[in-house]
file upload-v9.txt (compact mmCIF, C-alpha atoms and all ligand atoms)
# COMPACT_ATOMS: atom_id res chain seq x y z
CA MET L 1 -0.63 51.81 -22.82
CA THR L 2 0.63 53.74 -19.81
CA ARG L 3 3.33 52.16 -17.76
CA LEU L 4 0.83 51.41 -14.99
CA ALA L 5 -1.58 49.74 -17.40
CA LYS L 6 1.25 47.61 -18.74
CA PHE L 7 2.25 46.63 -15.26
CA VAL L 8 -1.30 45.65 -14.29
CA ALA L 9 -1.72 43.66 -17.48
CA GLY L 10 1.61 41.95 -16.87
CA VAL L 11 0.71 41.00 -13.33
CA ALA L 12 -2.66 39.69 -14.46
CA LEU L 13 -0.97 37.51 -17.07
CA VAL L 14 1.52 36.06 -14.59
CA VAL L 15 -1.16 35.40 -11.98
CA THR L 16 -3.38 33.64 -14.53
CA ALA L 17 -0.50 31.54 -15.84
CA PHE L 18 0.33 30.23 -12.38
CA ALA L 19 -3.18 30.00 -11.00
CA LEU L 20 -4.72 27.94 -13.79
CA PRO L 21 -2.63 24.76 -13.57
CA ALA L 22 -3.08 24.75 -9.79
CA LEU L 23 -6.79 24.03 -10.19
CA ALA L 24 -6.83 20.26 -10.58
CA ASP L 25 -10.01 19.21 -12.34
CA ASP L 26 -11.98 16.14 -11.34
CA LYS L 27 -10.16 13.90 -13.78
CA ASP L 28 -6.80 14.94 -12.33
CA VAL L 29 -8.00 14.19 -8.80
CA ILE L 30 -9.16 10.70 -9.82
CA ASP L 31 -6.04 10.00 -11.94
CA TYR L 32 -3.82 11.01 -9.06
CA ARG L 33 -5.39 8.72 -6.46
CA GLN L 34 -5.48 5.86 -8.97
CA ASP L 35 -1.77 6.38 -9.69
CA VAL L 36 -1.07 6.16 -5.96
CA MET L 37 -3.04 2.90 -5.80
CA LYS L 38 -1.27 1.49 -8.86
CA ALA L 39 2.08 2.22 -7.22
CA LEU L 40 0.92 0.26 -4.16
CA ASP L 41 -0.15 -2.55 -6.45
CA GLY L 42 3.26 -2.86 -8.13
CA GLN L 43 5.16 -2.78 -4.85
CA THR L 44 2.84 -5.30 -3.20
CA ALA L 45 3.20 -7.68 -6.16
CA ALA L 46 6.99 -7.35 -5.98
CA LEU L 47 6.99 -8.06 -2.24
CA GLY L 48 4.73 -11.07 -2.84
CA MET L 49 7.22 -12.50 -5.35
CA ILE L 50 10.00 -12.23 -2.78
CA VAL L 51 7.95 -13.82 -0.01
CA SER L 52 6.98 -16.71 -2.28
CA THR L 53 10.68 -17.14 -3.20
CA GLN L 54 10.10 -16.51 -6.91
CA VAL L 55 12.86 -13.90 -6.81
CA PRO L 56 15.78 -13.28 -4.41
CA ASP L 57 15.05 -11.21 -1.30
CA ASP L 58 17.78 -8.57 -1.73
CA ASN L 59 15.20 -5.81 -2.24
CA LEU L 60 12.87 -6.87 0.57
CA LEU L 61 13.47 -3.78 2.68
CA GLN L 62 13.20 -1.39 -0.26
CA HIS L 63 9.79 -2.75 -1.27
CA ALA L 64 8.52 -2.79 2.31
CA GLU L 65 9.68 0.81 2.73
CA ALA L 66 8.17 1.85 -0.60
CA ILE L 67 4.79 0.47 0.45
CA ALA L 68 5.00 2.30 3.78
CA LEU L 69 5.95 5.53 2.01
CA ILE L 70 3.27 5.33 -0.67
CA ALA L 71 0.68 4.43 1.99
CA LYS L 72 1.41 7.82 3.59
CA THR L 73 0.36 9.58 0.38
CA ALA L 74 -2.93 7.71 -0.06
CA LEU L 75 -5.21 9.51 2.40
CA LYS L 76 -4.37 12.93 0.97
CA SER L 77 -5.21 11.69 -2.51
CA PHE L 78 -8.81 11.02 -1.39
CA GLU L 79 -9.34 14.26 0.55
CA ALA L 80 -10.91 16.09 -2.37
CA LYS L 81 -14.51 14.93 -2.47
CA VAL L 82 -14.67 13.73 -6.06
CA PRO L 83 -16.74 10.57 -6.51
CA GLY L 84 -15.91 8.68 -9.68
CA GLY L 85 -13.44 6.14 -10.92
CA GLU L 86 -14.03 3.04 -8.84
CA ALA L 87 -14.44 4.94 -5.58
CA LYS L 88 -17.84 4.49 -3.95
CA PRO L 89 -19.56 7.63 -2.60
CA GLU L 90 -19.28 5.96 0.82
CA VAL L 91 -15.61 7.04 0.90
CA TRP L 92 -16.83 10.56 1.68
CA ALA L 93 -20.15 9.65 3.32
CA ASN L 94 -18.26 7.50 5.88
CA TRP L 95 -15.08 9.57 5.87
CA ALA L 96 -14.23 8.90 9.56
CA ASP L 97 -14.16 5.14 8.94
CA PHE L 98 -12.29 5.49 5.65
CA GLU L 99 -9.72 7.74 7.30
CA LYS L 100 -9.27 5.31 10.19
CA ARG L 101 -8.64 2.43 7.77
CA MET L 102 -6.07 4.48 5.88
CA LYS L 103 -4.32 5.51 9.09
CA ASP L 104 -4.21 1.88 10.30
CA PHE L 105 -2.82 0.90 6.92
CA VAL L 106 -0.11 3.57 7.25
CA ALA L 107 0.77 2.56 10.84
CA ARG L 108 0.95 -1.16 10.07
CA THR L 109 2.96 -0.88 6.86
CA ASP L 110 5.32 1.48 8.69
CA LYS L 111 5.78 -1.04 11.51
CA MET L 112 6.30 -3.87 9.03
CA ALA L 113 9.01 -1.92 7.17
CA LYS L 114 10.79 -1.03 10.42
CA ASP L 115 10.62 -4.52 11.91
CA ALA L 116 11.79 -6.04 8.62
CA LYS L 117 15.13 -4.27 9.09
CA THR L 118 15.97 -6.71 11.86
CA GLY L 119 13.55 -9.58 11.21
CA GLY L 120 13.75 -9.83 7.43
CA VAL L 121 11.43 -11.94 5.38
CA ASN L 122 9.97 -13.76 8.41
CA VAL L 123 8.63 -10.49 9.82
CA VAL L 124 7.07 -9.61 6.51
CA MET L 125 5.42 -13.02 6.33
CA GLU L 126 4.05 -12.61 9.85
CA GLN L 127 2.74 -9.08 9.39
CA MET L 128 1.70 -8.81 5.77
CA VAL L 129 -1.81 -10.20 6.09
CA ASP L 130 -2.72 -7.56 8.67
CA ALA L 131 -0.59 -4.78 7.23
CA LEU L 132 -1.76 -5.09 3.64
CA SER L 133 -5.41 -4.36 4.33
CA CYS L 134 -6.05 -3.65 0.65
CA LYS L 135 -8.89 -6.09 0.16
CA GLY L 136 -10.65 -5.18 3.40
CA CYS L 137 -10.93 -1.59 2.24
CA HIS L 138 -11.72 -2.40 -1.39
CA ASP L 139 -14.57 -4.71 -0.35
CA VAL L 140 -16.29 -1.75 1.30
CA TYR L 141 -15.16 1.31 -0.64
CA ARG L 142 -14.26 0.24 -4.17
CA LEU L 143 -16.77 -0.62 -6.89
CA LYS L 144 -16.59 -4.13 -8.24
CA LYS L 145 -15.60 -4.28 -11.90
C1 LIG Y 1 -8.56 2.53 3.10
C2 LIG Y 1 -8.90 2.10 1.76
C3 LIG Y 1 -7.92 1.49 0.81
C4 LIG Y 1 -6.76 0.79 1.09
C5 LIG Y 1 -6.14 0.46 2.46
C6 LIG Y 1 -6.22 0.40 -0.18
N1 LIG Y 1 -7.02 0.84 -1.21
FE1 LIG Y 1 -6.71 0.50 -3.20
N2 LIG Y 1 -8.37 1.60 -3.64
C7 LIG Y 1 -9.22 2.18 -2.73
C8 LIG Y 1 -10.27 2.89 -3.43
C9 LIG Y 1 -11.41 3.67 -2.80
C10 LIG Y 1 -10.04 2.71 -4.82
C11 LIG Y 1 -10.83 3.30 -6.00
C12 LIG Y 1 -10.15 4.61 -6.44
C13 LIG Y 1 -10.74 5.25 -7.68
O1 LIG Y 1 -10.96 4.54 -8.70
O2 LIG Y 1 -10.96 6.47 -7.65
C14 LIG Y 1 -8.84 1.88 -4.91
C15 LIG Y 1 -8.27 1.46 -6.12
C16 LIG Y 1 -7.20 0.61 -6.23
C17 LIG Y 1 -6.67 0.11 -7.49
C18 LIG Y 1 -7.20 0.46 -8.90
C19 LIG Y 1 -6.48 1.70 -9.40
C20 LIG Y 1 -6.91 2.08 -10.80
O3 LIG Y 1 -6.05 2.20 -11.68
O4 LIG Y 1 -8.11 2.26 -11.03
C21 LIG Y 1 -5.62 -0.71 -7.18
C22 LIG Y 1 -4.75 -1.48 -8.17
C23 LIG Y 1 -5.48 -0.72 -5.73
N3 LIG Y 1 -6.46 0.09 -5.19
C24 LIG Y 1 -4.50 -1.42 -5.04
C25 LIG Y 1 -4.34 -1.37 -3.65
C26 LIG Y 1 -3.33 -2.13 -2.94
C27 LIG Y 1 -2.35 -3.10 -3.56
C28 LIG Y 1 -3.48 -1.82 -1.61
C29 LIG Y 1 -2.73 -2.34 -0.43
C30 LIG Y 1 -1.30 -2.49 -0.46
C31 LIG Y 1 -4.60 -0.87 -1.51
N4 LIG Y 1 -5.08 -0.64 -2.77
C32 LIG Y 1 -5.05 -0.35 -0.32
C33 LIG Y 1 -9.11 2.11 -1.34
C34 LIG Y 1 -8.06 1.51 -0.65

call {"tool": "encode", "arguments": {"input": "upload-v9.txt", "output": "structure tokens"}}
result
Amino acid sequence: MTRLAKFVAGVALVVTAFALPALADDKDVIDYRQDVMKALDGQTAALGMIVSTQVPDDNLLQHAEAIALIAKTALKSFEAKVPGGEAKPEVWANWADFEKRMKDFVARTDKMAKDAKTGGVNVVMEQMVDALSCKGCHDVYRLKK
């Protein structure tokens, strides 16, 4: 091989090696958004245990902040239009409504986490029903098992 041919082959190899893993297939897209949801599930359950006094409230703020942070990653995880998993096709057919629900969820969990810094467990108890709009969205956009 000439030096140029080697160079071109080398570049092609490098480009392929980096380009391939970047193409998430449908399963990756679905796994990713389900992982985000599972993280919300764990944090919400932990917060619920604190609010119901099953465990001490030392980590109240951390769980509230974790929920607010994970909420911010959720919309992006649904942007790729890949029906499947338990997501109804309506997620993408009614994207404006779905997006609005996600943004409300982000805004309210963010407010709850911030207010909890001064108001503690009482604030969480007051705001959690509105902030944790999980069921409201699932009823419309998630398939029943
Ligand atoms: C704006 C809509 C929306 C909100 C808000 C929302 N979810 Fe979801 N959630 C979905 C959709 C859609 C799916 C189905 C995803 C899939 O299977 O591809 C889902 C799936 C799940 C799953 C199943 C994941 C799996 O492994 O299959 C869990 C658990 C879950 N959500 C928990 C929560 C919790 C807890 C909250 C609130 C703190 C929440 N979700 C808020 C839309 C939402």

call {"tool": "closest_residue", "arguments": {"input": "upload-v9.txt", "among": "L:Leu61, L:Ala68, L:Val82, L:Ile30", "to": "Thr118 in chain L", "atoms": "all atoms listed in the file"}}
result
L:Leu61

call {"tool": "residues_near_ligand", "arguments": {"input": "upload-v9.txt", "ligand": "ligand LIG 1 (chain Y)", "cutoff": "7 Å", "atoms": "all atoms listed in the file", "output": "PyMOL selection string"}}
result
chain L and resi 30+33-35+37-38+40-41+44+67+84-88+91+98-99+101-102+105+132-135+137-138+141-142

call {"tool": "write_last_selection", "arguments": {"input": "upload-v9.txt", "atoms": "C-alpha atoms", "output": "compact mmCIF listing (two decimals), keeping the file's coordinate frame"}}
result
# COMPACT_ATOMS: atom_id res chain seq x y z
CA ILE L 30 -9.16 10.70 -9.82
CA ARG L 33 -5.39 8.72 -6.46
CA GLN L 34 -5.48 5.86 -8.97
CA ASP L 35 -1.77 6.38 -9.69
CA MET L 37 -3.04 2.90 -5.80
CA LYS L 38 -1.27 1.49 -8.86
CA LEU L 40 0.92 0.26 -4.16
CA ASP L 41 -0.15 -2.55 -6.45
CA THR L 44 2.84 -5.30 -3.20
CA ILE L 67 4.79 0.47 0.45
CA GLY L 84 -15.91 8.68 -9.68
CA GLY L 85 -13.44 6.14 -10.92
CA GLU L 86 -14.03 3.04 -8.84
CA ALA L 87 -14.44 4.94 -5.58
CA LYS L 88 -17.84 4.49 -3.95
CA VAL L 91 -15.61 7.04 0.90
CA PHE L 98 -12.29 5.49 5.65
CA GLU L 99 -9.72 7.74 7.30
CA ARG L 101 -8.64 2.43 7.77
CA MET L 102 -6.07 4.48 5.88
CA PHE L 105 -2.82 0.90 6.92
CA LEU L 132 -1.76 -5.09 3.64
CA SER L 133 -5.41 -4.36 4.33
CA CYS L 134 -6.05 -3.65 0.65
CA LYS L 135 -8.89 -6.09 0.16
CA CYS L 137 -10.93 -1.59 2.24
CA HIS L 138 -11.72 -2.40 -1.39
CA TYR L 141 -15.16 1.31 -0.64
CA ARG L 142 -14.26 0.24 -4.17

call {"tool": "closest_residue", "arguments": {"input": "upload-v9.txt", "among": "L:Val51, L:Asp97, L:Val36, L:Gln43", "to": "Thr73 in chain L", "atoms": "only C-alpha atoms"}}
result
L:Val36

call {"tool": "atom_distance", "arguments": {"input": "upload-v9.txt", "atom1": "CA of Ala107 in chain L", "atom2": "CA of Glu90 in chain L"}}
result
22.7 Å

call {"tool": "closest_residue", "arguments": {"input": "upload-v9.txt", "among": "L:Leu60, L:Pro89, L:Gly48, L:Lys81", "to": "Leu143 in chain L", "atoms": "only C-alpha atoms"}}
result
L:Pro89

call {"tool": "atom_distance", "arguments": {"input": "upload-v9.txt", "atom1": "CA of Lys114 in chain L", "atom2": "CA of Phe78 in chain L"}}
result
25.9 Å

call {"tool": "residues_near_point", "arguments": {"input": "upload-v9.txt", "point": "(9.7, -3.3, 7.1)", "cutoff": "10 Å", "atoms": "only C-alpha atoms", "output": "ChimeraX atom specification"}}
result
/L:60-68,108-121,123-124,127-128

call {"tool": "closest_residue", "arguments": {"input": "upload-v9.txt", "among": "L:Leu69, L:Leu75, L:Ala24, L:Val11", "to": "Ala39 in chain L", "atoms": "only C-alpha atoms"}}
result
L:Leu69

call {"tool": "atom_distance", "arguments": {"input": "upload-v9.txt", "atom1": "CA of Asn94 in chain L", "atom2": "CA of Gly42 in chain L"}}
result
27.7 Å

call {"tool": "closest_residue", "arguments": {"input": "upload-v9.txt", "among": "L:Val8, L:Asn59, L:Thr2, L:Val29", "to": "Ala46 in chain L", "atoms": "all atoms listed in the file"}}
result
L:Asn59

call {"tool": "closest_residue", "arguments": {"input": "upload-v9.txt", "among": "L:Ala131, L:Leu4, L:Val140, L:Ala80", "to": "Asp26 in chain L", "atoms": "all atoms listed in the file"}}
result
L:Ala80

call {"tool": "axis_aligned_box", "arguments": {"input": "upload-v9.txt", "around": "range 82-94 of chain L", "padding_each_side": "3 Å", "output": "AutoDock Vina command-line options"}}
result
--center_x -16.8 --center_y 8.4 --center_z -2.5 --size_x 12.7 --size_y 16.7 --size_z 22.8
